[in-house]
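*Asks:* Below: one structure in structure tokens.
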Amino acid sequence: MYLVKVTVTYKESILDPKGEAINDALQRLGYRDVQSVELGKYFELRIAKSDRPIAEQVAEMCDRLLANVNMETYDYEITEMEAQS
Amino acid sequence: MKFAVIVFPGSNCDHDMANALRDVCHCTVDLVPATATTLAGYDAVVLPGGFSYGDYLRSGAIARLAPVMTAVKAMAAAGKPVLGVCNGFQILTEAGLLPGALRANRSSQFICQTSTLRISNPHTRFTTAYAGQATIQLPIAHGEGNYYCDEATLAELRQHHQIVFEYVDNPNGSVANIAGIMNRQGNVLGMMPHPERAVEALLGSIDGLGVFASLIAHEEESHA
């Protein structure tokens with residue numbers, strides 16, 4: 001079993017109005033050192049081992065569904081979990 | 001002319017669309033559930049506005065995997081008219097039937113207002129009835145109508161005259177003021193404004209009628 005953590009964020013060229021609104025709110029709370037806020041999505045997947053390389057599967061899932069590659073970019077971290085007893 | 005209006009869980013403009021097509025334009029209309037696997041017998045298909053599947057993940061991202069979408073893609077490939085309005089436009093981009101994507105509005109607010117649109121291409125099967133009309137007024141109601149595509153895609157859209165409607169006063173930050181685009185073949189149109197909400201004078205505008213009148217005239221000509 002693998003634990004896969006995927007984050008999806010907007011590409012740099014894409015405006016993130018929600019992130020900007022959150023940055024404005026942080027400024028109102030007095031956190032003047034905050035330079036920017038980017039709001040993204042976080043997914044946790046538990047995936048059973050198979051013959052297919054796990055990274056290849058995850059990248060495919062991101063490309064096909066979890067991210068819209070027109071405007072988003074993704075990153076993932078794969079850790080192998082010990083088999084449940 | 002026989003229309004299929006697709007009903008996804010969370011569609012909410014399906015009945016408005018059926019009303020416009022049936023009661024105002026006198027066409028045959030069926031509300032077809034997203035679980036349908038065939039669209040045989042229909043001349044055209046409409047993906048209506050709403051919040052299909054709660055807009056989970058991204059607007060349109062789940063709807064594009066609904067069983068009926070295989071049949072919608074087949075209709076598009078066969079050259080039959082496919083119209084996506086608002087959430088329908090978002091679904092068409094997620095499904096890859098139209099290029100680009102719809103982002104959150106630049107203001108991060110839901111915008112519900114009347115919008116003035118320029119008919120960028122009056123020579124499509126969706127816009128011929130607007131000949132001689134430079135601008136029209138249609139309602140918009142969306143939180144994610146901010147059209148995005150990269151430079152190369154925009155150049156391609158322009159080269160093939162695929163930009164159909166443009167905002168005169170860009171309300172949401174869309175690239176190139178884009179309010180509606182079609183595929184290169186000219187049979188798939190996606191637009192954020194709601195033509196079905198502007199088909200009776202009582203409702204404030206009849207400027208949406210042109211989209212349906214154009215489609216119906218094109219269908220009649222092709223059978224003449």
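Chain lettering (A, B, ...) mirrors the order of the structure tokens, residue numbering begins at 1 for each chain separately, and ligand numbering begins at 1 in order of display.
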Residues at most 8 Å from range 136-148 of chain B, counting only C-alpha atoms, excluding those fewer than 2 positions away in the same chain, as a ChimeraX atom specification?

*Replies:* /A:71 /B:59,86,100-106,108-119,133-134,150,172-175,178-179,192-195,197-198,205,207-208

*Asks:* Mind checking DSSP for range 44-80 of chain A and telling me the strand (DSSP E) residues as a list of chain:residue names?

*Replies:*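 Assigned to strand (DSSP E), within range 44-80 of chain A: A:Glu44, A:Leu45, A:Arg46, A:Ile47, A:Glu72, A:Thr73, A:Tyr74, A:Asp75, A:Tyr76, A:Glu77, A:Ile78, A:Thr79, A:Glu80.
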
*Asks:* So what do you get for CA of Asp63 in chain A versus CA of Ile14 in chain A, distance-wise?

*Replies:* 17.7 Å

*Asks:* Once you count only C-alpha atoms, what closest atom pair and distance in Å to one decimal does each residue of chain A within 8 Å of chain B have, with rows by chain and rising residue number, as CSV?

*Replies:*
```
residue,atom,partner,partner_atom,distance
A:Leu15,CA,B:Arg106,CA,7.3
A:Asp16,CA,B:Ala104,CA,7.8
A:Pro17,CA,B:Ser108,CA,5.3
A:Lys18,CA,B:Ser108,CA,6.2
A:Ala21,CA,B:Ser108,CA,7.9
A:Leu65,CA,B:Ala61,CA,7.2
A:Leu66,CA,B:Leu57,CA,7.4
A:Asn68,CA,B:Glu94,CA,7.7
A:Asn70,CA,B:Gly100,CA,6.3
A:Met71,CA,B:Ala101,CA,7.1
```

*Asks:* Please identify the alpha helix (DSSP H) residues within chain A (assignment by DSSP from backbone atoms) and present them as a list of chain:residue names.

*Replies:*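 Those in chain A that DSSP calls alpha helix (DSSP H) are A:Pro17, A:Lys18, A:Gly19, A:Glu20, A:Ala21, A:Ile22, A:Asn23, A:Asp24, A:Ala25, A:Leu26, A:Gln27, A:Arg28, A:Ile54, A:Ala55, A:Glu56, A:Gln57, A:Val58, A:Ala59, A:Glu60, A:Met61.
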
*Asks:* To one decimal place, how far is CA of Thr37 in chain B from CA of Thr70 in chain B in Å?

*Replies:*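 According to the coordinates, CA of Thr37 in chain B and CA of Thr70 in chain B are separated by 7.4 Å.
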
*Asks:* Give me, as an mmCIF file with N, CA and C atoms, in the first residue's frame, all polymer residues having an atom no more than 12 Å from Ile22 in chain A, counting only C-alpha atoms and skipping those fewer than 3 positions away in the same chain.

*Replies:*
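Wrote part28.cif, looks like this:
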```
data_model
loop_
_atom_site.group_PDB
_atom_site.id
_atom_site.type_symbol
_atom_site.label_atom_id
_atom_site.label_comp_id
_atom_site.auth_asym_id
_atom_site.auth_seq_id
_atom_site.Cartn_x
_atom_site.Cartn_y
_atom_site.Cartn_z
ATOM 1 N N ASP A 16 -4.919 34.225 -8.846
ATOM 2 C CA ASP A 16 -5.567 33.420 -7.808
ATOM 3 C C ASP A 16 -6.354 34.372 -6.903
ATOM 4 N N PRO A 17 -7.566 34.757 -7.323
ATOM 5 C CA PRO A 17 -8.307 35.773 -6.557
ATOM 6 C C PRO A 17 -8.620 35.339 -5.128
ATOM 7 N N LYS A 18 -8.829 34.029 -4.912
ATOM 8 C CA LYS A 18 -9.114 33.572 -3.549
ATOM 9 C C LYS A 18 -7.874 33.737 -2.669
ATOM 10 N N GLY A 19 -6.709 33.389 -3.204
ATOM 11 C CA GLY A 19 -5.464 33.576 -2.466
ATOM 12 C C GLY A 19 -5.243 35.040 -2.127
ATOM 13 N N ALA A 25 -6.995 39.490 3.983
ATOM 14 C CA ALA A 25 -7.527 39.240 5.332
ATOM 15 C C ALA A 25 -6.386 39.112 6.337
ATOM 16 N N LEU A 26 -5.308 38.433 5.936
ATOM 17 C CA LEU A 26 -4.152 38.304 6.837
ATOM 18 C C LEU A 26 -3.544 39.676 7.129
ATOM 19 N N GLN A 27 -3.493 40.525 6.088
ATOM 20 C CA GLN A 27 -2.975 41.886 6.285
ATOM 21 C C GLN A 27 -3.833 42.613 7.313
ATOM 22 N N ARG A 28 -5.184 42.410 7.218
ATOM 23 C CA ARG A 28 -6.084 43.081 8.158
ATOM 24 C C ARG A 28 -5.862 42.586 9.588
ATOM 25 N N LEU A 29 -5.400 41.343 9.710
ATOM 26 C CA LEU A 29 -5.099 40.800 11.039
ATOM 27 C C LEU A 29 -3.739 41.288 11.548
ATOM 28 N N TYR A 31 -0.683 40.816 9.868
ATOM 29 C CA TYR A 31 0.503 40.054 9.416
ATOM 30 C C TYR A 31 1.105 40.718 8.184
ATOM 31 N N VAL A 34 3.475 39.045 5.359
ATOM 32 C CA VAL A 34 2.998 38.080 4.353
ATOM 33 C C VAL A 34 3.085 38.720 2.974
ATOM 34 N N GLN A 35 3.826 38.099 2.091
ATOM 35 C CA GLN A 35 4.033 38.654 0.753
ATOM 36 C C GLN A 35 2.978 38.163 -0.236
ATOM 37 N N SER A 36 2.573 36.913 -0.084
ATOM 38 C CA SER A 36 1.568 36.385 -1.013
ATOM 39 C C SER A 36 0.966 35.118 -0.431
ATOM 40 N N VAL A 37 -0.227 34.812 -0.858
ATOM 41 C CA VAL A 37 -0.906 33.586 -0.444
ATOM 42 C C VAL A 37 -1.389 32.877 -1.700
ATOM 43 N N GLU A 38 -1.124 31.604 -1.763
ATOM 44 C CA GLU A 38 -1.609 30.814 -2.880
ATOM 45 C C GLU A 38 -2.501 29.723 -2.320
ATOM 46 N N LEU A 39 -3.731 29.678 -2.782
ATOM 47 C CA LEU A 39 -4.670 28.667 -2.304
ATOM 48 C C LEU A 39 -4.643 27.490 -3.277
ATOM 49 N N SER B 108 -13.289 37.646 -7.579
ATOM 50 C CA SER B 108 -13.589 36.563 -6.651
ATOM 51 C C SER B 108 -15.041 36.614 -6.173
#
```

*Asks:* Extract, using only C-alpha atoms, all DNA, RNA and protein residues at most 10 Å from Tyr74 in chain A, discarding same-chain residues fewer than 4 positions from it, and format them as a PDB file with N, CA, C and O atoms, in the first residue's frame.

*Replies:*
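As written to disk, out_15.pdb reads:
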```
ATOM      1  N   VAL A   6      -1.027  14.593  -2.783  1.00  0.00           N
ATOM      2  CA  VAL A   6      -0.977  15.404  -4.002  1.00  0.00           C
ATOM      3  C   VAL A   6      -1.388  16.831  -3.673  1.00  0.00           C
ATOM      4  O   VAL A   6      -2.384  17.048  -2.982  1.00  0.00           O
ATOM      5  N   THR A   7      -0.621  17.797  -4.137  1.00  0.00           N
ATOM      6  CA  THR A   7      -1.064  19.193  -4.044  1.00  0.00           C
ATOM      7  C   THR A   7      -1.213  19.752  -5.456  1.00  0.00           C
ATOM      8  O   THR A   7      -0.396  19.483  -6.340  1.00  0.00           O
ATOM      9  N   VAL A   8      -2.287  20.499  -5.628  1.00  0.00           N
ATOM     10  CA  VAL A   8      -2.566  21.127  -6.918  1.00  0.00           C
ATOM     11  C   VAL A   8      -2.657  22.627  -6.686  1.00  0.00           C
ATOM     12  O   VAL A   8      -3.360  23.073  -5.775  1.00  0.00           O
ATOM     13  N   THR A   9      -1.936  23.393  -7.484  1.00  0.00           N
ATOM     14  CA  THR A   9      -1.991  24.861  -7.372  1.00  0.00           C
ATOM     15  C   THR A   9      -2.104  25.460  -8.767  1.00  0.00           C
ATOM     16  O   THR A   9      -1.824  24.795  -9.774  1.00  0.00           O
ATOM     17  N   TYR A  10      -2.518  26.735  -8.800  1.00  0.00           N
ATOM     18  CA  TYR A  10      -2.572  27.427 -10.090  1.00  0.00           C
ATOM     19  C   TYR A  10      -1.164  27.615 -10.628  1.00  0.00           C
ATOM     20  O   TYR A  10      -0.211  27.788  -9.870  1.00  0.00           O
ATOM     21  N   LYS A  11      -1.026  27.605 -11.959  1.00  0.00           N
ATOM     22  CA  LYS A  11       0.240  27.969 -12.578  1.00  0.00           C
ATOM     23  C   LYS A  11       0.553  29.413 -12.213  1.00  0.00           C
ATOM     24  O   LYS A  11      -0.360  30.197 -11.925  1.00  0.00           O
ATOM     25  N   GLY A  40      -4.413  26.305  -2.743  1.00  0.00           N
ATOM     26  CA  GLY A  40      -4.382  25.136  -3.608  1.00  0.00           C
ATOM     27  C   GLY A  40      -5.292  24.049  -3.092  1.00  0.00           C
ATOM     28  O   GLY A  40      -6.104  24.255  -2.197  1.00  0.00           O
ATOM     29  N   LYS A  41      -5.155  22.858  -3.658  1.00  0.00           N
ATOM     30  CA  LYS A  41      -5.954  21.714  -3.220  1.00  0.00           C
ATOM     31  C   LYS A  41      -5.005  20.616  -2.749  1.00  0.00           C
ATOM     32  O   LYS A  41      -3.916  20.453  -3.291  1.00  0.00           O
ATOM     33  N   TYR A  42      -5.466  19.875  -1.774  1.00  0.00           N
ATOM     34  CA  TYR A  42      -4.650  18.798  -1.217  1.00  0.00           C
ATOM     35  C   TYR A  42      -5.451  17.497  -1.246  1.00  0.00           C
ATOM     36  O   TYR A  42      -6.613  17.471  -0.856  1.00  0.00           O
ATOM     37  N   ALA A  59       0.849  10.351 -11.684  1.00  0.00           N
ATOM     38  CA  ALA A  59       0.977  11.437 -12.658  1.00  0.00           C
ATOM     39  C   ALA A  59      -0.194  11.396 -13.641  1.00  0.00           C
ATOM     40  O   ALA A  59      -0.762  12.429 -14.002  1.00  0.00           O
ATOM     41  N   CYS A  62      -3.315  12.739 -12.005  1.00  0.00           N
ATOM     42  CA  CYS A  62      -3.252  14.196 -11.922  1.00  0.00           C
ATOM     43  C   CYS A  62      -3.574  14.822 -13.275  1.00  0.00           C
ATOM     44  O   CYS A  62      -4.362  15.756 -13.369  1.00  0.00           O
ATOM     45  N   ASP A  63      -2.955  14.291 -14.317  1.00  0.00           N
ATOM     46  CA  ASP A  63      -3.169  14.844 -15.660  1.00  0.00           C
ATOM     47  C   ASP A  63      -4.619  14.682 -16.113  1.00  0.00           C
ATOM     48  O   ASP A  63      -5.164  15.540 -16.791  1.00  0.00           O
ATOM     49  N   LEU A  66      -7.222  15.118 -11.374  1.00  0.00           N
ATOM     50  CA  LEU A  66      -7.019  15.910 -10.160  1.00  0.00           C
ATOM     51  C   LEU A  66      -6.624  17.355 -10.462  1.00  0.00           C
ATOM     52  O   LEU A  66      -6.984  18.266  -9.737  1.00  0.00           O
ATOM     53  N   ALA A  67      -5.911  17.565 -11.569  1.00  0.00           N
ATOM     54  CA  ALA A  67      -5.542  18.922 -11.967  1.00  0.00           C
ATOM     55  C   ALA A  67      -6.086  19.202 -13.361  1.00  0.00           C
ATOM     56  O   ALA A  67      -6.277  18.275 -14.154  1.00  0.00           O
ATOM     57  N   ASN A  68      -6.356  20.468 -13.636  1.00  0.00           N
ATOM     58  CA  ASN A  68      -6.652  20.880 -15.004  1.00  0.00           C
ATOM     59  C   ASN A  68      -5.368  21.513 -15.526  1.00  0.00           C
ATOM     60  O   ASN A  68      -5.034  22.642 -15.165  1.00  0.00           O
ATOM     61  N   VAL A  69      -4.640  20.763 -16.330  1.00  0.00           N
ATOM     62  CA  VAL A  69      -3.280  21.195 -16.690  1.00  0.00           C
ATOM     63  C   VAL A  69      -3.267  22.454 -17.560  1.00  0.00           C
ATOM     64  O   VAL A  69      -2.208  23.024 -17.797  1.00  0.00           O
TER      65      VAL A  69
END
```
